[in-house]
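K.L.:
Below: one structure in structure tokens.
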Amino acid sequence: NMQPGNGPQVMNMQPSNGPKVINVQPSSNNDEPKAIASGPVVEEEWPDPVKKEIEVRELSENRPKMILTLLLADRSTKKVFVTDDFTVDDLKKMFASKLHLWQIEFFELCVKDKKEDADRWLDGKKTLLDEQIADNSEVMMKIKYFKTPKKIIDPQAIRLYYLDVKQSIISGTYPTSEKIAVHLAAHQVQLAYGNYVPTRHHPGFLGDALKDYLPREILSVNEPYYLESRIFQLHRNLVGKSNEEVMESYIDLAQQIQTYGTSVFLVKEKLGRTKRIGIAEDGILISTDDNPKKFDFYSFKIIGGWNKTS
């Protein structure tokens, strides 16, 4: 099984008959990103999820009590009291009740594995004692599987989804083009500062905070004035949008990034060249020789049919 034990996997918000590889095509006449999908795409109607109450279990008597902290992607936290016989799923429901989150199926809990410098996903059926979760531990709630036919309608789920995806883009986990990066940054500005105001929103407004809106590799090859000019030009198009609409638009746009939802690793070939390899839920992406931001996709079904050669 070539799926990684830690790190998120890939998602296609719409069901399809096969894996979909998306290449963003540059355009000299229009600043809107365009996507061309390979393979058949079949859209189906799925019923909207129904809001449900989250049942939270009581603490057990005569069991050790613990305080655990939920750490979210925006660095906000929530604390809960539990006992060590709580299962990981019990803990997830406890956190969900604190967040007023009812569409919990998109999220799983993990902890930071300091030795591996990676996330260690927790088994929902195991107890906190079994998973060696100690008192005063920090636990994270993240997206583990991005591919799902279900529609997100819970406002809090949309917000958490947005925060998780945004962190992966800003950190460079999902290498992206300048064109998509500035579009996404404009969405962030709309969420942070509201509607575009010409006398206020102009180059220089973001200043040092620009690093919180764009990946480092985009900042390193462009002047701040140029980037902010493009961001605020696109910011104008979002006037009047609700925060929920902007976050949904951000998630939809982020799906045009080839590595969306993958765990990306840098590997060195025998010839000394460095490649990026993305491990997705349904296959592997390997960066091309001519452009490290473009990837060739190999499904696990195809890889499983390969014969070993000497």
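Residue numbers start at 1 in each chain; chains themselves are named A, B, ... in the order of the structure tokens; ligands are numbered from 1 in the order shown.
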Could you write out, as an MDAnalysis selection string, all the residues of stretch 24-244 of chain A that DSSP marks as strand (DSSP E)?

P.N.:
chainID A and resid 24:25 34:38 65:71 77:83 107:113 118:121 138:143

K.L.:
Which residue gives the smallest distance to A:Gly283 among A:Ile302, A:Leu163, A:Ile218, A:Ala73, with only C-alpha atoms counted?

P.N.:
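So, comparing all the options, the nearest one is A:Ile302.
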
K.L.:
Using DSSP on the backbone coordinates, identify all residues within stretch 40-239 of chain A classified as helix (DSSP H, G or I); present the result as a ChimeraX atom specification.

P.N.:
/A:88-99,104-106,155-170,178-193,207-212,216-219,224-238

K.L.:
What's around stretch 184-201 of chain A at 9 Å? Count only C-alpha atoms, leave out sequence neighbours fewer than 3 positions away in its own chain, and write the answer as a ChimeraX atom specification.

P.N.:
/A:166,179-181,204-206,210,212-214,230-243,246-247,249-250,253-254

K.L.:
Taking N, CA and C atoms for each residue, export the selection above as a PDB file, in the first residue's frame.

P.N.:
ATOM      1  N   LYS A 166      -5.291  26.584   2.954  1.00  0.00           N
ATOM      2  CA  LYS A 166      -4.498  27.821   2.897  1.00  0.00           C
ATOM      3  C   LYS A 166      -3.103  27.609   3.488  1.00  0.00           C
ATOM      4  N   LYS A 179       0.032  32.915 -11.016  1.00  0.00           N
ATOM      5  CA  LYS A 179      -1.322  33.324 -11.389  1.00  0.00           C
ATOM      6  C   LYS A 179      -2.346  32.869 -10.361  1.00  0.00           C
ATOM      7  N   ILE A 180      -2.304  31.591  -9.990  1.00  0.00           N
ATOM      8  CA  ILE A 180      -3.255  31.091  -8.997  1.00  0.00           C
ATOM      9  C   ILE A 180      -2.939  31.666  -7.620  1.00  0.00           C
ATOM     10  N   ALA A 181      -1.666  31.818  -7.298  1.00  0.00           N
ATOM     11  CA  ALA A 181      -1.269  32.318  -5.974  1.00  0.00           C
ATOM     12  C   ALA A 181      -1.837  33.710  -5.701  1.00  0.00           C
ATOM     13  N   GLY A 204       1.593  48.533  -0.923  1.00  0.00           N
ATOM     14  CA  GLY A 204       2.153  49.040   0.317  1.00  0.00           C
ATOM     15  C   GLY A 204       1.254  48.790   1.509  1.00  0.00           C
ATOM     16  N   PHE A 205      -0.028  48.529   1.252  1.00  0.00           N
ATOM     17  CA  PHE A 205      -0.982  48.307   2.346  1.00  0.00           C
ATOM     18  C   PHE A 205      -0.620  47.063   3.160  1.00  0.00           C
ATOM     19  N   LEU A 206      -0.269  45.977   2.476  1.00  0.00           N
ATOM     20  CA  LEU A 206       0.038  44.735   3.182  1.00  0.00           C
ATOM     21  C   LEU A 206       1.424  44.767   3.820  1.00  0.00           C
ATOM     22  N   LEU A 210       2.718  40.617   3.626  1.00  0.00           N
ATOM     23  CA  LEU A 210       2.569  39.951   2.333  1.00  0.00           C
ATOM     24  C   LEU A 210       3.018  38.494   2.401  1.00  0.00           C
ATOM     25  N   ASP A 212       2.304  36.439   4.565  1.00  0.00           N
ATOM     26  CA  ASP A 212       1.202  35.611   5.055  1.00  0.00           C
ATOM     27  C   ASP A 212       0.163  35.336   3.970  1.00  0.00           C
ATOM     28  N   TYR A 213       0.394  35.887   2.778  1.00  0.00           N
ATOM     29  CA  TYR A 213      -0.585  35.763   1.696  1.00  0.00           C
ATOM     30  C   TYR A 213      -0.047  35.011   0.481  1.00  0.00           C
ATOM     31  N   LEU A 214       1.269  34.905   0.377  1.00  0.00           N
ATOM     32  CA  LEU A 214       1.866  34.270  -0.795  1.00  0.00           C
ATOM     33  C   LEU A 214       2.991  33.317  -0.385  1.00  0.00           C
ATOM     34  N   ARG A 230      -1.367  43.359  -8.314  1.00  0.00           N
ATOM     35  CA  ARG A 230      -2.177  42.293  -8.891  1.00  0.00           C
ATOM     36  C   ARG A 230      -3.218  41.787  -7.893  1.00  0.00           C
ATOM     37  N   ILE A 231      -2.815  41.669  -6.646  1.00  0.00           N
ATOM     38  CA  ILE A 231      -3.743  41.177  -5.622  1.00  0.00           C
ATOM     39  C   ILE A 231      -4.950  42.117  -5.492  1.00  0.00           C
ATOM     40  N   PHE A 232      -4.689  43.430  -5.403  1.00  0.00           N
ATOM     41  CA  PHE A 232      -5.796  44.364  -5.196  1.00  0.00           C
ATOM     42  C   PHE A 232      -6.642  44.538  -6.449  1.00  0.00           C
ATOM     43  N   GLN A 233      -6.040  44.325  -7.611  1.00  0.00           N
ATOM     44  CA  GLN A 233      -6.829  44.352  -8.840  1.00  0.00           C
ATOM     45  C   GLN A 233      -7.863  43.209  -8.831  1.00  0.00           C
ATOM     46  N   LEU A 234      -7.449  42.061  -8.339  1.00  0.00           N
ATOM     47  CA  LEU A 234      -8.352  40.919  -8.248  1.00  0.00           C
ATOM     48  C   LEU A 234      -9.286  41.018  -7.044  1.00  0.00           C
ATOM     49  N   HIS A 235      -8.825  41.716  -6.016  1.00  0.00           N
ATOM     50  CA  HIS A 235      -9.641  41.942  -4.812  1.00  0.00           C
ATOM     51  C   HIS A 235     -10.947  42.649  -5.175  1.00  0.00           C
ATOM     52  N   ARG A 236     -10.903  43.518  -6.167  1.00  0.00           N
ATOM     53  CA  ARG A 236     -12.102  44.254  -6.576  1.00  0.00           C
ATOM     54  C   ARG A 236     -13.229  43.331  -7.013  1.00  0.00           C
ATOM     55  N   ASN A 237     -12.877  42.200  -7.575  1.00  0.00           N
ATOM     56  CA  ASN A 237     -13.887  41.284  -8.114  1.00  0.00           C
ATOM     57  C   ASN A 237     -14.676  40.555  -7.030  1.00  0.00           C
ATOM     58  N   LEU A 238     -14.257  40.677  -5.783  1.00  0.00           N
ATOM     59  CA  LEU A 238     -14.888  39.934  -4.690  1.00  0.00           C
ATOM     60  C   LEU A 238     -15.810  40.804  -3.845  1.00  0.00           C
ATOM     61  N   VAL A 239     -16.012  42.039  -4.244  1.00  0.00           N
ATOM     62  CA  VAL A 239     -16.871  42.961  -3.493  1.00  0.00           C
ATOM     63  C   VAL A 239     -18.274  42.374  -3.360  1.00  0.00           C
ATOM     64  N   GLY A 240     -18.790  42.407  -2.145  1.00  0.00           N
ATOM     65  CA  GLY A 240     -20.150  41.943  -1.897  1.00  0.00           C
ATOM     66  C   GLY A 240     -20.274  40.467  -1.590  1.00  0.00           C
ATOM     67  N   LYS A 241     -19.182  39.712  -1.722  1.00  0.00           N
ATOM     68  CA  LYS A 241     -19.221  38.276  -1.434  1.00  0.00           C
ATOM     69  C   LYS A 241     -19.217  38.036   0.075  1.00  0.00           C
ATOM     70  N   SER A 242     -19.988  37.051   0.523  1.00  0.00           N
ATOM     71  CA  SER A 242     -19.952  36.678   1.933  1.00  0.00           C
ATOM     72  C   SER A 242     -18.668  35.911   2.229  1.00  0.00           C
ATOM     73  N   ASN A 243     -18.288  35.850   3.504  1.00  0.00           N
ATOM     74  CA  ASN A 243     -17.081  35.110   3.871  1.00  0.00           C
ATOM     75  C   ASN A 243     -17.174  33.643   3.460  1.00  0.00           C
ATOM     76  N   VAL A 246     -16.541  33.332  -0.241  1.00  0.00           N
ATOM     77  CA  VAL A 246     -15.128  33.549  -0.565  1.00  0.00           C
ATOM     78  C   VAL A 246     -14.307  32.311  -0.213  1.00  0.00           C
ATOM     79  N   MET A 247     -14.581  31.696   0.927  1.00  0.00           N
ATOM     80  CA  MET A 247     -13.844  30.495   1.320  1.00  0.00           C
ATOM     81  C   MET A 247     -14.139  29.334   0.381  1.00  0.00           C
ATOM     82  N   SER A 249     -14.994  29.621  -2.745  1.00  0.00           N
ATOM     83  CA  SER A 249     -14.314  29.959  -3.992  1.00  0.00           C
ATOM     84  C   SER A 249     -12.820  29.668  -3.882  1.00  0.00           C
ATOM     85  N   TYR A 250     -12.229  29.957  -2.727  1.00  0.00           N
ATOM     86  CA  TYR A 250     -10.804  29.684  -2.488  1.00  0.00           C
ATOM     87  C   TYR A 250     -10.527  28.189  -2.635  1.00  0.00           C
ATOM     88  N   LEU A 253     -10.807  27.063  -6.281  1.00  0.00           N
ATOM     89  CA  LEU A 253      -9.665  27.525  -7.059  1.00  0.00           C
ATOM     90  C   LEU A 253      -8.409  26.728  -6.720  1.00  0.00           C
ATOM     91  N   ALA A 254      -8.245  26.403  -5.434  1.00  0.00           N
ATOM     92  CA  ALA A 254      -7.065  25.644  -5.002  1.00  0.00           C
ATOM     93  C   ALA A 254      -7.015  24.263  -5.638  1.00  0.00           C
TER      94      ALA A 254
END

K.L.:
In terms of the shortest atom-to-atom distance over only C-alpha atoms, which of A:Tyr226, A:Phe265, A:Phe81, A:Phe300 is closest to A:Ala118?

P.N.:
A:Phe265

K.L.:
Mind pulling up the distance from atom CA of A:Gln103 to atom CA of A:Ile153?

P.N.:
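One can read the atom CA of A:Ile153 to atom CA of A:Gln103 distance as 7.9 Å.
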